[in-house]
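Only one structure is covered here, and it is reproduced in the block below.
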There are 4 protein chains.
Amino acid sequence: MLIMMQSDASREQIDRVCERIRELGLTPNEIPGAMRLAIGITGNKGPVDPAHFTRLAGVQDAVPVSRPYKLVSREVKPESTVVEIAGRRLGGGALAVIAGPCSVESKEQVLATARHVREHGASFLRGGAFKPRTSPYDFQGLREEGLMLLAEAREATGLPIVTEVKDTETLPLVARYADVLQIGARNMQNYSLLEAVGALGKPVMLKRGLASTVKEWLMAAEYVAARGNYQVILCERGIRTFETLTRNTLDLGVVPLVRGLTHLPIVVDPSHGTGVAQAVGPMARAAVAAGCDGVMVEVHPRPENALSDGPQALTFDMFAQVMDDLRKVAGALGQPVA
Amino acid sequence: MLIMMQSDASREQIDRVCERIRELGLTPNEIPGAMRLAIGITGNKGPVDPAHFTRLAGVQDAVPVSRPYKLVSREVKPESTVVEIAGRRLGGGALAVIAGPCSVESKEQVLATARHVREHGASFLRGGAFKPRTSPYDFQGLREEGLMLLAEAREATGLPIVTEVKDTETLPLVARYADVLQIGARNMQNYSLLEAVGALGKPVMLKRGLASTVKEWLMAAEYVAARGNYQVILCERGIRTFETLTRNTLDLGVVPLVRGLTHLPIVVDPSHGTGVAQAVGPMARAAVAAGCDGVMVEVHPRPENALSDGPQALTFDMFAQVMDDLRKVAGALGQPVA
Amino acid sequence: MLIMMQSDASREQIDRVCERIRELGLTPNEIPGAMRLAIGITGNKGPVDPAHFTRLAGVQDAVPVSRPYKLVSREVKPESTVVEIAGRRLGGGALAVIAGPCSVESKEQVLATARHVREHGASFLRGGAFKPRTSPYDFQGLREEGLMLLAEAREATGLPIVTEVKDTETLPLVARYADVLQIGARNMQNYSLLEAVGALGKPVMLKRGLASTVKEWLMAAEYVAARGNYQVILCERGIRTFETLTRNTLDLGVVPLVRGLTHLPIVVDPSHGTGVAQAVGPMARAAVAAGCDGVMVEVHPRPENALSDGPQALTFDMFAQVMDDLRKVAGALGQPVA
Amino acid sequence: MLIMMQSDASREQIDRVCERIRELGLTPNEIPGAMRLAIGITGNKGPVDPAHFTRLAGVQDAVPVSRPYKLVSREVKPESTVVEIAGRRLGGGALAVIAGPCSVESKEQVLATARHVREHGASFLRGGAFKPRTSPYDFQGLREEGLMLLAEAREATGLPIVTEVKDTETLPLVARYADVLQIGARNMQNYSLLEAVGALGKPVMLKRGLASTVKEWLMAAEYVAARGNYQVILCERGIRTFETLTRNTLDLGVVPLVRGLTHLPIVVDPSHGTGVAQAVGPMARAAVAAGCDGVMVEVHPRPENALSDGPQALTFDMFAQVMDDLRKVAGALGQPVA
C-alpha cells in the first residue's frame, strides 16, 4: 500500500497519516518525490484497506502495490531516482563512468590511474581497499592505508570515491572515506550489512549476486530502502552460467527491463562481467547502447603486474579508447556523458 | 595442420599437396582466401610432421593448429569470411538486419511485414515455415505453403529469405526456397543435419544451442565446414540460465571474443535472446555496439494475434524506431548499414 | 480431455467415440490400460465440452487433463507403464540394470563385457554403434559393424540390446538390430526423430536434454506417444550447470517427482551424470534409493584404452561391486532386481 | 607445504619448526592427527623449499600441497575428521540425522518436534532463531527467545542444537546457545563471519552457496580452518539451475568426490535441496546411499501453518517413515545410525 499525499500536504497531515499507519501495527516509510511525498506502508501480511487513509486530510490516493519489493518499485515512485554524490549526480539521464584499479596497491598506482581516468572523462574513481577473496591466502587489500590513498587521489582529482565495504565491523571506517559504499556480489544477501548501510544513509552501489534473480536483487535493495536510505545504485556485473569463455555472463538483457520495475539507477560492470580486457570496451559500449546510467571499468597502469584481476584490467590506452567510443555511442543516442 | 600455399601456386601444385595428404591417410580441405589458398588437414589423431609438406612445390608454410575446431578457426584463415547471399553480403564490415515474422501465417501477414522491413532498411527477410515446437499440439508452421509465401515476398521486395530447416527429410524442399538455411538452437548438435547442409553448399545460419559453450558451437560449425561449406553465419540467441525475467539470457559478451576465435560472421537475435518485445530494441542496439555483423529481429503486424512467440515480436512502429536507433549506433562506430 | 471407456466397452463403441472426436476436428489416441481403455483427445486449442461424449454408449467418464503433456501424464493413465522388451520388463517394480561399453569397439570387447555384466546380474546390454560426437574428427562408432557385434553379444548372452539412434536416415538399420532405441540427450528435441520412433512402435529410451526442464522432457515423450508408441522409458543423465568437478550434474531430485507426473518408467545414468568412474557406484546406489526403475552404467574391459568416455567407465571389478551394492540397497527397500 | 612431524616429536621440536616457518615470513598451522602432528604452511606465494625443514629435529617429511585449499585437503590429513559435539560425534562412519523445524516458532512446536525426532532416532536438533529472509518484510525468527526455546528442547531431549548464525553481531549470543554454528548458503562467502567462527573454535556447519563450486566451498572451509578451527562440517543443500520443478538442484554427485578432496565430514540437506516434502524422503535415502556422514531434514508438527518453508517440511509421520528407510539403507551398506 502506498499513500500519495497531495502536493501541498502539510507536515502535520503527513504525521497524522504515519501515526494512523502505526496504530494499525504497520510501518510508514516516507518517500520524497519531485512533486509530492508518498508514504509506503510495510509490515502488512495481506492487503491493507485503503479506507483507513483516503479520508484523512492531505491524502490524495491510497494505491495497492503488487510487487514484493515496494519502496524501490517504480509503482511506488514513478520518477527515476538521481543519486547525489559529493556534488555529482548518478542517474537521471547523463552517463556516469566509474573507473579505477581493482585493488589500491600503491600511491603511485592509484594517483596515476585517477589522473588518467579523470583526464579522459571518468566522473568517479573506484578502487578496493578491503578485498573479499576466494582464498584466505590471497592479497586482501591495503585496508585503511588503501582508503587513505583513495582519499589522496580524490583530493588530487576531485573524483568522488566508490569503494567496497565487506562487513559491518569495517563499515564505520570505510564510510569515513567513501563517497559511495559498494556492496559486493558475494554480500548481496548479507542482510545485516544491507541494514547497516541502510541506516547510515550514504549512497550505496549494490552489485547483483552471481546467482541472484532480478527479483532477489531488488529485494536486497529493498532491505537498504526499508532503513530509510533510497540512495541505492544497482550494478549488473555478470551471473554464473556454464560458459567458461568469459568469467561471468554479463546479463545486459535485464537493463531495459529493470528500468520498468524500479526507479533506482543501474550501472554495468563489464570488467567482472567478462573477465577479459579485450571484451570490456565492446561490452561497455553495449551497456550504454542498452540504456544504462553508468559503466564501471577497471583500469591499471600495468595490468600484468596487478595484485588482483589483472586479466580484466584496461591499460591506460585502452581506457582512453573506451571513453572515446562511449562518447560516440551515448552521443548518438542523445545521452550526455556526465 | 594447415598448409599455406604460395599466392601464385598452380592447380597442379595444390593437387599434389592434397594427394600427399591422402597418402598419409588424412583428409585435405581447401580453404579459399583473398590472397592465397590454404589446405586444412583433418583426420589426424596427433600432430602431423610439417616436413611432409614444406619441400613440396608451391607450399609457403605448414603451420600447426591448436584449436579443436580447425577449418572455422581464425588461426587457419585470418581474414573474416563474408557470406554471399543472392547478391548481398553478410560479414566484412557492414551491418545486416534480418527481420520478419516468427512464423509465416498468411500471405497478407508476410507480404505486409516484408514490405515494411524492406522500407525501413532490413536486408533479409526471416520467417518460419517449418517450426519445431515444444508441444506436438502447437502450430507447426504452414510448411511448403509457408515457403511459397516467403518466395512471393522475396519476389515482391527483393529481400533474400532466411528460414529454418528442421530435419534432413525436408531439407531438399526448404533448400529450393531458402537463401539462407537456418539451423535452430535445438538442432545445433544434430550432426546429421549439419553434415547434410554442409554437403549442400548453401549459406547456413547456425544458432547457438541453449546450453552450448562457444567451443561446442564452433565445433558444430566445423561439422558444416568439414563437408566443404564455409558459408556459415553464427547466431547468438541467448542461453538458458536461472533468470526468468527474460526467456533466455542473451550472451553478448561472447561477441567480441568469438571474433578472435573464428573467421565466421556473427549475428545476434535479441528476440529469442530476451523474449520480451520491450527489450528487443535496446538489446539490438547493444549487439551492434558490441560489434556484431548483423541482428535478427521478429516483427509482426499484430503481435497479440501471432501464432507463435507474440510477446517478443516488434510492431511495425517499434521496428521503424529500432532501425533508426541501429543506424545511429552503427554510424557512431563507423559501421555502415548494409 | 480423456474419455474413459467402461471396462466392457465393445470395439464398436470405441470406434464410435473415435469417430465423434474426428468429427469435431480433433485427434483420438487410444491408450490401453490394465482395466479398461482410455481415449486421449489431442489437437484442441481450448477446453473440449464433455457433453459431446458422456452420453455415447460405453463411455464411463470424460475428464479434462490439466498438464500440457497429456498421453504420458499420470492423470490420463494412473497405473505405471511397464515396457516389454524381448520378454523382459522394465518398470512395474523390479530394478533393471543396463550395462555395457560406451562404444562398441571390437568383438572381443563387446562379448567379454556382455558376458561379464550378464554374469553379475545386468538385464540389458548397452553399447553405441552410431556415436554423435562433439568433434567431426572424433571416433563416430563402428556403425553397422557395431550393430552386428551387439547382435552377436545378444545371441551369446540373451541380453536385449539398448543402442542409440542418431538420425532418421539410419533408423531403419538401427531398428533392425536394437531392442530399445535410445534417443540421446542432444536429440531430445529432434522432433522429426521422435515422430519417426513414435511411428515405429519399438521401445524407446529418451534421455533428458542437458538443458531441458522436466516439462520439456515430458513434452518430448509426448511426441513419441502422440504417434501411438507408449513404450517410452525416461533416462535422467545429468544436466549442465556451472559445476565442473563432475561432467554433468545428476538431477536425482526429479526422480521421485517425475513419478507423480507421468506413468512412464524412469532410468538413471550415473556414468554420464557424473563423468567420473569413482562416483558412478555411489550414484547408482543413490538412484536406486531415490526410487528409479533402472540404472544404466558404462563398463569397459580396459577403460584406459576406451575410444570414448574412458574416464567414466567402470572396470569389470568395479561393476561386480556396484551390482552387489545395488542388490543390497534395492533389497533393503523391498525392490527385487530384475 | 606440509611438515609431517615424527610420531614422537617433542613440543620443543614442534615449536622450533613453527619458528623456522615464521622466520621465512610464512604462517604455521598445527593440524593434530590420530598418529602424529602435521604443520601446514600458508602464506607462501610460490613453492617452499623442503630443505628448510627436512633436517630439523623431529621432522619426518616435508611434502608439497597441490590444492588451493590446504588445511582442509585430504592430502594434508588423510584420516577423516570426526567432529565432537557435546559428547556426540559427526563423521567417522556412523550416520547422523539432524532434524527439526525450519524456524523455531513456539515452545510447543519446538518441544513436540524435538521429542518426536529424538524418539525416532535423530541425533541432533536443528531450528532457526535468526532467519535471513529474501524479503525484509518476512518473519525473521524469534531471535534470542528462539535460542532459549532451543536450549529448553535440548534440556528436555539431550539433543545438541544446530542453529544458524547470520552475522558477527549476533555471533556471541548464538554461540552461547548453539552446539553447532550453521553458516547459511547466502553467507558461504561472508569471509568476516567465517573468520569469526574460525576464531571461536565451536563446531561449524558450512552450507554450500547456491552458485558455489566445490572448490569455492572448500576455500570457504579453509577460511575457518586457517583461524585454527578444524571442526567444520560441509553441508550440500542444492545449487541453483534452470530447473524449476525443485526449489534447488541437489548435487549429490559431489558427495563421493568431496570425500577424496577433503577430510571434513559431509552432510546433505534434502529439504532445501528439493523444496518439496514428498521428495525429501527419497533424497535422504539417496544421500545415505551416496555415502554421506549425515542428513539434515526439516520437520514440523503442522507444515501447512509453518512460518517459513512449509512446503518442504516433513510431518511427524513422514519423518518416522524416513528414519525407518534410512536405517534400512544405511544398514544394507554397513553404516550404523548414530
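Just remember, in the C-alpha cells the first chain shown is A, the second B, etc., residues are 1-based per chain, and ligands are 1-based in the order shown.
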With only C-alpha atoms counted and 8 Å as the cut-off, give the residues of chain D in contact with chain B, each with its shortest interatomic distance in Å and the pair that gives it, as JSON lines.
```
{"residue": "D:Arg240", "atom": "CA", "partner": "B:Phe242", "partner_atom": "CA", "distance": 6.8}
{"residue": "D:Thr241", "atom": "CA", "partner": "B:Phe242", "partner_atom": "CA", "distance": 5.3}
{"residue": "D:Phe242", "atom": "CA", "partner": "B:Phe242", "partner_atom": "CA", "distance": 4.4}
{"residue": "D:Glu243", "atom": "CA", "partner": "B:Phe242", "partner_atom": "CA", "distance": 7.7}
```
Residues at most 10 Å from B:Ala62, counting only C-alpha atoms, excluding those fewer than 5 positions away in the same chain, as a VMD selection string? chain B and resid 1 to 5 38 to 40 48 to 55
File dump, residues just selected, C-alpha atoms, as a CSV table (one decimal), in the first residue's frame:
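Here's the written file again_2.csv:
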```csv
chain,number,residue,atom,x,y,z
B,1,MET,CA,47.9,-28.7,-39.6
B,2,LEU,CA,47.4,-26.0,-42.2
B,3,ILE,CA,49.3,-25.8,-45.5
B,4,MET,CA,49.6,-22.3,-46.7
B,5,MET,CA,50.1,-22.3,-50.5
B,38,ALA,CA,45.2,-22.8,-47.7
B,39,ILE,CA,44.7,-26.5,-47.2
B,40,GLY,CA,43.5,-27.7,-43.8
B,48,VAL,CA,51.4,-34.1,-38.3
B,49,ASP,CA,55.1,-33.6,-39.2
B,50,PRO,CA,55.4,-30.4,-41.3
B,51,ALA,CA,58.4,-31.9,-43.1
B,52,HIS,CA,56.0,-33.9,-45.2
B,53,PHE,CA,54.9,-30.8,-47.0
B,54,THR,CA,57.4,-27.9,-46.6
B,55,ARG,CA,59.5,-29.0,-49.6
```
Please list as a PyMOL selection string every residue within 8 Å of stretch 96-113 of chain B, counting only C-alpha atoms and excluding residues in the same chain fewer than 2 positions away. chain B and resi 90-91+94+115-117+121-129+131+141-142+146+149-150+152-153+156+162+293-301+307-309+313+316+337-338
Within 9 Å of C:Leu71, counting only C-alpha atoms, which residues qualify if same-chain residues fewer than 2 places away don't, as a PDB file with N, CA and C atoms, in the first residue's frame?
```
ATOM      1  N   LEU C   2      -9.869 -36.581 -21.718  1.00  0.00           N
ATOM      2  CA  LEU C   2      -9.634 -38.008 -21.738  1.00  0.00           C
ATOM      3  C   LEU C   2     -10.982 -38.715 -21.585  1.00  0.00           C
ATOM      4  N   ASN C  29      -6.591 -40.720 -29.423  1.00  0.00           N
ATOM      5  CA  ASN C  29      -5.400 -41.530 -29.154  1.00  0.00           C
ATOM      6  C   ASN C  29      -5.792 -42.641 -28.190  1.00  0.00           C
ATOM      7  N   ILE C  31      -5.402 -45.390 -25.525  1.00  0.00           N
ATOM      8  CA  ILE C  31      -4.399 -45.682 -24.507  1.00  0.00           C
ATOM      9  C   ILE C  31      -4.850 -46.927 -23.758  1.00  0.00           C
ATOM     10  N   GLY C  40      -7.395 -40.549 -25.374  1.00  0.00           N
ATOM     11  CA  GLY C  40      -6.936 -39.172 -25.198  1.00  0.00           C
ATOM     12  C   GLY C  40      -7.325 -38.354 -26.413  1.00  0.00           C
ATOM     13  N   ILE C  41      -7.754 -37.130 -26.164  1.00  0.00           N
ATOM     14  CA  ILE C  41      -8.087 -36.231 -27.272  1.00  0.00           C
ATOM     15  C   ILE C  41      -6.998 -35.180 -27.367  1.00  0.00           C
ATOM     16  N   THR C  42      -6.400 -35.051 -28.538  1.00  0.00           N
ATOM     17  CA  THR C  42      -5.407 -34.010 -28.726  1.00  0.00           C
ATOM     18  C   THR C  42      -5.793 -33.197 -29.948  1.00  0.00           C
ATOM     19  N   TYR C  69       1.470 -31.977 -21.243  1.00  0.00           N
ATOM     20  CA  TYR C  69       1.683 -33.321 -21.771  1.00  0.00           C
ATOM     21  C   TYR C  69       0.450 -34.090 -21.328  1.00  0.00           C
ATOM     22  N   SER C  73       0.911 -38.326 -19.194  1.00  0.00           N
ATOM     23  CA  SER C  73       0.686 -37.865 -17.820  1.00  0.00           C
ATOM     24  C   SER C  73      -0.013 -38.935 -16.988  1.00  0.00           C
ATOM     25  N   ARG C  74       0.268 -38.920 -15.710  1.00  0.00           N
ATOM     26  CA  ARG C  74      -0.356 -39.906 -14.827  1.00  0.00           C
ATOM     27  C   ARG C  74      -1.843 -39.595 -14.622  1.00  0.00           C
ATOM     28  N   GLU C  75      -2.220 -38.377 -14.849  1.00  0.00           N
ATOM     29  CA  GLU C  75      -3.641 -38.031 -14.818  1.00  0.00           C
ATOM     30  C   GLU C  75      -4.424 -38.937 -15.763  1.00  0.00           C
ATOM     31  N   VAL C  76      -3.830 -39.149 -16.939  1.00  0.00           N
ATOM     32  CA  VAL C  76      -4.518 -39.845 -18.011  1.00  0.00           C
ATOM     33  C   VAL C  76      -4.444 -41.355 -17.831  1.00  0.00           C
ATOM     34  N   LYS C  77      -3.385 -41.812 -17.194  1.00  0.00           N
ATOM     35  CA  LYS C  77      -3.180 -43.249 -17.014  1.00  0.00           C
ATOM     36  C   LYS C  77      -2.532 -43.439 -15.648  1.00  0.00           C
ATOM     37  N   ALA C 221       8.551 -36.771 -24.766  1.00  0.00           N
ATOM     38  CA  ALA C 221       7.959 -38.105 -24.688  1.00  0.00           C
ATOM     39  C   ALA C 221       6.561 -38.104 -25.309  1.00  0.00           C
ATOM     40  N   GLU C 222       5.868 -36.984 -25.131  1.00  0.00           N
ATOM     41  CA  GLU C 222       4.525 -36.855 -25.708  1.00  0.00           C
ATOM     42  C   GLU C 222       4.577 -36.930 -27.238  1.00  0.00           C
ATOM     43  N   ALA C 225       4.582 -40.564 -27.918  1.00  0.00           N
ATOM     44  CA  ALA C 225       3.289 -41.164 -27.590  1.00  0.00           C
ATOM     45  C   ALA C 225       2.200 -40.716 -28.566  1.00  0.00           C
ATOM     46  N   ALA C 226       2.308 -39.468 -29.034  1.00  0.00           N
ATOM     47  CA  ALA C 226       1.269 -38.950 -29.929  1.00  0.00           C
ATOM     48  C   ALA C 226       1.240 -39.711 -31.248  1.00  0.00           C
ATOM     49  N   TYR C 230       3.600 -45.938 -26.810  1.00  0.00           N
ATOM     50  CA  TYR C 230       3.645 -45.642 -25.383  1.00  0.00           C
ATOM     51  C   TYR C 230       4.779 -46.355 -24.680  1.00  0.00           C
ATOM     52  N   THR C 262       4.078 -38.604 -14.433  1.00  0.00           N
ATOM     53  CA  THR C 262       3.934 -39.475 -15.598  1.00  0.00           C
ATOM     54  C   THR C 262       3.863 -40.931 -15.178  1.00  0.00           C
TER      55      THR C 262
END
```
Please extract the residues of stretch 242-296 of chain C with a backbone DSSP assignment of strand (DSSP E or B) and present them as a VMD selection string. chain C and resid 249 262 266 to 268 294 to 296
Based on the selection just made, write C-alpha atoms of those residues as an mmCIF file, in the first residue's frame.
```cif
data_model
loop_
_atom_site.group_PDB
_atom_site.id
_atom_site.type_symbol
_atom_site.label_atom_id
_atom_site.label_comp_id
_atom_site.auth_asym_id
_atom_site.auth_seq_id
_atom_site.Cartn_x
_atom_site.Cartn_y
_atom_site.Cartn_z
ATOM 1 C CA THR C 249 25.028 -32.525 -12.532
ATOM 2 C CA THR C 262 3.934 -39.475 -15.598
ATOM 3 C CA ILE C 266 12.491 -43.754 -15.294
ATOM 4 C CA VAL C 267 16.077 -44.950 -15.519
ATOM 5 C CA VAL C 268 19.175 -43.116 -14.234
ATOM 6 C CA GLY C 294 16.586 -48.921 -13.573
ATOM 7 C CA VAL C 295 20.163 -47.759 -13.797
ATOM 8 C CA MET C 296 22.359 -47.654 -16.875
#
```
Enter the distance from atom CA of A:Pro32 to atom CA of A:Pro64, in Å, rounded to one decimal.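 Separating atom CA of A:Pro32 from atom CA of A:Pro64 is a distance of 18.2 Å.
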Take atom CA of C:Val82 and atom CA of C:Gln231 and report the distance between them in Å, one decimal. 7.9 Å
Write out as a list in words the residues lying within 9 Å of D:Pro68, counting only C-alpha atoms and excluding same-chain residues fewer than 6 positions away.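 The residues that qualify are Ser135 of chain A; Lys215 and Met219 of chain D.
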Go ahead and write the selection's residues with N, CA and C atoms as a PDB file, in the first residue's frame.
```pdb
ATOM      1  N   SER A 135      40.320 -17.100  -1.708  1.00  0.00           N
ATOM      2  CA  SER A 135      41.302 -17.804  -0.887  1.00  0.00           C
ATOM      3  C   SER A 135      41.751 -16.940   0.281  1.00  0.00           C
TER       4      SER A 135
ATOM      5  N   LYS D 215      35.163 -26.248  -5.250  1.00  0.00           N
ATOM      6  CA  LYS D 215      36.444 -25.614  -4.910  1.00  0.00           C
ATOM      7  C   LYS D 215      36.227 -24.371  -4.044  1.00  0.00           C
ATOM      8  N   MET D 219      37.372 -23.683  -0.214  1.00  0.00           N
ATOM      9  CA  MET D 219      38.131 -22.476   0.131  1.00  0.00           C
ATOM     10  C   MET D 219      37.452 -21.748   1.284  1.00  0.00           C
TER      11      MET D 219
END
```
When DSSP is applied to the backbone of this structure, which of stretch 89-253 of chain D are assigned alpha helix (DSSP H)? Write them out as an NGL selection string. :D and (107-119 or 144-157 or 171-177 or 191-200 or 214-226)
Nearby residues (only C-alpha atoms) at most 7 Å from A:Arg227, same-chain spacing under 5 positions excluded, as a VMD selection string: chain A and resid 195 198 to 199
All residues 12 Å or closer to C:Phe130, only C-alpha atoms, same chain fewer than 4 positions away omitted, as a VMD selection string: (chain B and resid 191 to 192) or (chain C and resid 102 to 105 139 to 147 163 to 167 169 to 171 173 to 174 178 181 to 184)
What is the distance, in Å and to one decimal place, between atom CA of B:Pro47 and atom CA of B:Glu79? 24.6 Å
